[in-house]
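Asks: So that we are looking at the same thing, I have put the structure below in structure tokens.
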Amino acid sequence: MHEISLVRTIFRTLEDEFPADMDRVRGIYLKAGLLANVQPILMQNAFQAVVADEPRYQQTSLHVEVLPILIRCDDCGETTQVEQYRFICTCGKPSRNVIQGEELLISKVEFDD
Ligand SMILES: [Zn+2]
């Protein structure tokens, strides 16, 4: 399951970044673009499965914010939010110039004091 390995990668990344603070992690916040192939519900299920084996993360929760797809038109320069996977600028020109929607990043980590 793709999400399980994603969740594990997120924990490994944080463990590398905050080796002394991982017992205090309470909230992990992700931003996932619609094109990043990350389903929030599947991420939550994977997260529950991973923390079930990790006693020190029992009080940690995952928050996933899904970001819409934005394209910038090469023709008129407008930024347009893609709906229903229609990669078309408001001016009518098709565009594949994605400026948001492919990312998967950790946007915030909360620690208990
Ligand atoms: Zn345009």
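Chains: A, B, ... in order of the structure tokens. Residues: from 1 per chain. Ligands: from 1, in order shown.
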Ligand 1: which residues are within 9 Å, counting only C-alpha atoms and all ligand atoms, as a JSON list (two decimals) with C-alpha atoms, in the first residue's frame?
Replies:
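So out22.json came out as:
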```
[["chain", "number", "residue", "atom", "x", "y", "z"],
["A", 72, "ARG", "CA", -0.72, 29.44, -15.32],
["A", 73, "CYS", "CA", -1.57, 30.21, -18.88],
["A", 74, "ASP", "CA", 1.42, 30.60, -21.19],
["A", 75, "ASP", "CA", -0.69, 32.78, -23.42],
["A", 76, "CYS", "CA", -2.33, 35.38, -21.14],
["A", 77, "GLY", "CA", -0.47, 34.75, -17.86],
["A", 78, "GLU", "CA", -3.62, 34.20, -15.82],
["A", 79, "THR", "CA", -3.67, 31.67, -12.98],
["A", 80, "THR", "CA", -6.71, 29.40, -13.08],
["A", 88, "ILE", "CA", -8.14, 25.16, -19.66],
["A", 89, "CYS", "CA", -7.50, 28.82, -18.87],
["A", 90, "THR", "CA", -10.39, 31.25, -18.46],
["A", 91, "CYS", "CA", -9.25, 32.73, -21.79],
["A", 92, "GLY", "CA", -10.05, 29.41, -23.45],
["A", 93, "LYS", "CA", -6.50, 28.22, -24.12],
["A", 94, "PRO", "CA", -5.50, 24.77, -22.87],
["A", 95, "SER", "CA", -2.57, 24.78, -20.46]]
```
Asks: I'd like the contact shell of Gln39 in chain A - 9 Å cut-off, only C-alpha atoms, skipping same-chain residues fewer than 6 positions apart - returned as a ChimeraX atom specification.
Replies: /A:3,32,64,66
Asks: Contacts of Phe47 in chain A at 9 Å or less, counting only C-alpha atoms, minus same-chain residues fewer than 5 places along, as a VMD selection string?
Replies: chain A and resid 3 to 4 7 to 8 42 52 61 to 62
Asks: For the selection just defined, write its residues with N, CA and C atoms to a file, as a PDB file, in the first residue's frame.
Replies:
```pdb
ATOM      1  N   GLU A   3       0.266   4.318   0.582  1.00  0.00           N
ATOM      2  CA  GLU A   3       0.128   5.275   1.690  1.00  0.00           C
ATOM      3  C   GLU A   3       0.938   4.863   2.919  1.00  0.00           C
ATOM      4  N   ILE A   4       1.020   3.563   3.180  1.00  0.00           N
ATOM      5  CA  ILE A   4       1.800   3.096   4.335  1.00  0.00           C
ATOM      6  C   ILE A   4       3.256   3.542   4.192  1.00  0.00           C
ATOM      7  N   VAL A   7       3.545   7.254   4.812  1.00  0.00           N
ATOM      8  CA  VAL A   7       3.477   7.612   6.235  1.00  0.00           C
ATOM      9  C   VAL A   7       4.811   7.269   6.916  1.00  0.00           C
ATOM     10  N   ARG A   8       5.362   6.106   6.586  1.00  0.00           N
ATOM     11  CA  ARG A   8       6.648   5.732   7.175  1.00  0.00           C
ATOM     12  C   ARG A   8       7.729   6.722   6.777  1.00  0.00           C
ATOM     13  N   LEU A  42      -7.302   7.450   2.883  1.00  0.00           N
ATOM     14  CA  LEU A  42      -6.339   6.350   2.852  1.00  0.00           C
ATOM     15  C   LEU A  42      -5.096   6.702   3.666  1.00  0.00           C
ATOM     16  N   ALA A  52      -0.135   2.300  15.262  1.00  0.00           N
ATOM     17  CA  ALA A  52      -0.539   1.171  16.108  1.00  0.00           C
ATOM     18  C   ALA A  52       0.677   0.383  16.577  1.00  0.00           C
ATOM     19  N   SER A  61      -1.561  13.028  15.767  1.00  0.00           N
ATOM     20  CA  SER A  61      -2.612  12.981  14.749  1.00  0.00           C
ATOM     21  C   SER A  61      -2.091  13.555  13.432  1.00  0.00           C
ATOM     22  N   LEU A  62      -2.732  13.123  12.374  1.00  0.00           N
ATOM     23  CA  LEU A  62      -2.351  13.549  11.028  1.00  0.00           C
ATOM     24  C   LEU A  62      -3.446  14.440  10.459  1.00  0.00           C
TER      25      LEU A  62
END
```
Asks: Asn37 in chain A: which residues within 12 Å, counting only C-alpha atoms, same-chain residues fewer than 4 positions away excluded, as a PyMOL selection string?
Replies: chain A and resi 2-3+6+31-33+42-43+66-67+101-104
Asks: As an exercise, work out the distance from CA of Leu105 in chain A to CA of Pro55 in chain A in Å and give it to one decimal place.
Replies: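 About the pair CA of Leu105 in chain A and CA of Pro55 in chain A: they are 24.5 Å apart.
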Asks: Between A:Ala46, A:Ile10, A:Ile41, A:Ile69, which one has atoms that come closest to Tyr29 in chain A, using only C-alpha atoms?
Replies: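 Using only C-alpha atoms, the shortest distance to Tyr29 in chain A belongs to A:Ile10.
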Asks: Name the residues of chain A that come out as strand (DSSP E or B) in a backbone DSSP run; write them as a PyMOL selection string.
Replies: chain A and resi 25-33+61-67+70-72+79-81+83+86+88+94+98-100+104-111
Asks: Would you mind writing down, as a VMD selection string, each residue of chain A that DSSP on the backbone assigns to helix (DSSP H, G or I)?
Replies: chain A and resid 2 to 17 22 to 24 34 to 36 40 to 52 55 to 57
Asks: Residues near Phe11 in chain A, anyone? I mean within 10 Å using only C-alpha atoms, not counting same-chain ones fewer than 6 positions away, as number ranges by chain.
Replies: A: 5, 17, 22, 28, 47, 50-51, 57
Asks: So that I have them on file, write out the residues from the current selection with all heavy atoms, as a PDB file, in the first residue's frame.
Replies:
```
ATOM      1  N   SER A   5       3.817   3.348   3.020  1.00  0.00           N
ATOM      2  CA  SER A   5       5.219   3.740   2.852  1.00  0.00           C
ATOM      3  C   SER A   5       5.369   5.259   2.901  1.00  0.00           C
ATOM      4  O   SER A   5       6.365   5.774   3.397  1.00  0.00           O
ATOM      5  CB  SER A   5       5.812   3.136   1.580  1.00  0.00           C
ATOM      6  OG  SER A   5       5.150   3.634   0.456  1.00  0.00           O
ATOM      7  N   GLU A  17      14.893  14.904  11.378  1.00  0.00           N
ATOM      8  CA  GLU A  17      14.878  16.354  11.581  1.00  0.00           C
ATOM      9  C   GLU A  17      14.825  16.723  13.065  1.00  0.00           C
ATOM     10  O   GLU A  17      15.458  17.688  13.495  1.00  0.00           O
ATOM     11  CB  GLU A  17      13.655  16.927  10.858  1.00  0.00           C
ATOM     12  CG  GLU A  17      13.615  18.416  10.755  1.00  0.00           C
ATOM     13  CD  GLU A  17      14.312  18.913   9.487  1.00  0.00           C
ATOM     14  OE1 GLU A  17      14.728  18.077   8.676  1.00  0.00           O
ATOM     15  OE2 GLU A  17      14.408  20.128   9.345  1.00  0.00           O
ATOM     16  N   MET A  22      10.786  13.648  19.174  1.00  0.00           N
ATOM     17  CA  MET A  22       9.728  12.819  18.589  1.00  0.00           C
ATOM     18  C   MET A  22       8.761  12.239  19.618  1.00  0.00           C
ATOM     19  O   MET A  22       7.651  11.852  19.265  1.00  0.00           O
ATOM     20  CB  MET A  22      10.331  11.711  17.720  1.00  0.00           C
ATOM     21  CG  MET A  22      10.949  12.232  16.424  1.00  0.00           C
ATOM     22  SD  MET A  22       9.848  13.269  15.433  1.00  0.00           S
ATOM     23  CE  MET A  22       8.785  12.008  14.701  1.00  0.00           C
ATOM     24  N   ILE A  28       0.864  16.332  12.861  1.00  0.00           N
ATOM     25  CA  ILE A  28       1.630  16.409  11.625  1.00  0.00           C
ATOM     26  C   ILE A  28       0.679  16.907  10.547  1.00  0.00           C
ATOM     27  O   ILE A  28      -0.402  16.340  10.344  1.00  0.00           O
ATOM     28  CB  ILE A  28       2.204  15.034  11.241  1.00  0.00           C
ATOM     29  CG1 ILE A  28       3.151  14.527  12.332  1.00  0.00           C
ATOM     30  CG2 ILE A  28       2.925  15.111   9.886  1.00  0.00           C
ATOM     31  CD1 ILE A  28       3.582  13.076  12.155  1.00  0.00           C
ATOM     32  N   PHE A  47      -1.977   5.907   8.448  1.00  0.00           N
ATOM     33  CA  PHE A  47      -1.401   6.524   9.651  1.00  0.00           C
ATOM     34  C   PHE A  47      -1.785   5.707  10.891  1.00  0.00           C
ATOM     35  O   PHE A  47      -0.935   5.400  11.737  1.00  0.00           O
ATOM     36  CB  PHE A  47      -1.907   7.968   9.757  1.00  0.00           C
ATOM     37  CG  PHE A  47      -1.263   8.753  10.859  1.00  0.00           C
ATOM     38  CD1 PHE A  47      -0.027   9.338  10.670  1.00  0.00           C
ATOM     39  CD2 PHE A  47      -1.898   8.900  12.086  1.00  0.00           C
ATOM     40  CE1 PHE A  47       0.579  10.063  11.695  1.00  0.00           C
ATOM     41  CE2 PHE A  47      -1.307   9.617  13.106  1.00  0.00           C
ATOM     42  CZ  PHE A  47      -0.068  10.198  12.906  1.00  0.00           C
ATOM     43  N   VAL A  50       0.202   2.520  11.022  1.00  0.00           N
ATOM     44  CA  VAL A  50       1.615   2.703  11.373  1.00  0.00           C
ATOM     45  C   VAL A  50       1.759   3.038  12.863  1.00  0.00           C
ATOM     46  O   VAL A  50       2.594   2.445  13.553  1.00  0.00           O
ATOM     47  CB  VAL A  50       2.269   3.796  10.494  1.00  0.00           C
ATOM     48  CG1 VAL A  50       3.653   4.168  11.013  1.00  0.00           C
ATOM     49  CG2 VAL A  50       2.371   3.311   9.046  1.00  0.00           C
ATOM     50  N   VAL A  51       0.946   3.946  13.373  1.00  0.00           N
ATOM     51  CA  VAL A  51       1.112   4.336  14.780  1.00  0.00           C
ATOM     52  C   VAL A  51       0.675   3.218  15.732  1.00  0.00           C
ATOM     53  O   VAL A  51       1.118   3.185  16.881  1.00  0.00           O
ATOM     54  CB  VAL A  51       0.403   5.668  15.154  1.00  0.00           C
ATOM     55  CG1 VAL A  51       0.954   6.821  14.344  1.00  0.00           C
ATOM     56  CG2 VAL A  51      -1.090   5.569  15.032  1.00  0.00           C
ATOM     57  N   TYR A  57       3.851   7.235  19.359  1.00  0.00           N
ATOM     58  CA  TYR A  57       3.055   8.110  18.494  1.00  0.00           C
ATOM     59  C   TYR A  57       1.555   7.970  18.725  1.00  0.00           C
ATOM     60  O   TYR A  57       0.748   8.427  17.917  1.00  0.00           O
ATOM     61  CB  TYR A  57       3.378   7.845  17.018  1.00  0.00           C
ATOM     62  CG  TYR A  57       4.812   8.126  16.656  1.00  0.00           C
ATOM     63  CD1 TYR A  57       5.508   7.282  15.811  1.00  0.00           C
ATOM     64  CD2 TYR A  57       5.472   9.240  17.171  1.00  0.00           C
ATOM     65  CE1 TYR A  57       6.833   7.536  15.482  1.00  0.00           C
ATOM     66  CE2 TYR A  57       6.788   9.494  16.862  1.00  0.00           C
ATOM     67  CZ  TYR A  57       7.474   8.642  16.013  1.00  0.00           C
ATOM     68  OH  TYR A  57       8.775   8.898  15.698  1.00  0.00           O
TER      69      TYR A  57
END
```
Asks: Would you please work out which residue, of A:Gln58, A:Asn97, A:Thr9, A:Gln44, is nearest to Val25 in chain A when using only C-alpha atoms?
Replies: A:Gln58
Asks: Report the distance between CA of Asp21 in chain A and CA of Phe111 in chain A in Å, rounded to one decimal place.
Replies: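 That distance, rounded to one decimal, is 7.6 Å.
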Asks: What is the distance between CA of Gln84 in chain A and CA of Ile71 in chain A, in Å to one decimal?
Replies: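 Spanning CA of Gln84 in chain A to CA of Ile71 in chain A is a straight-line distance of 13.2 Å.
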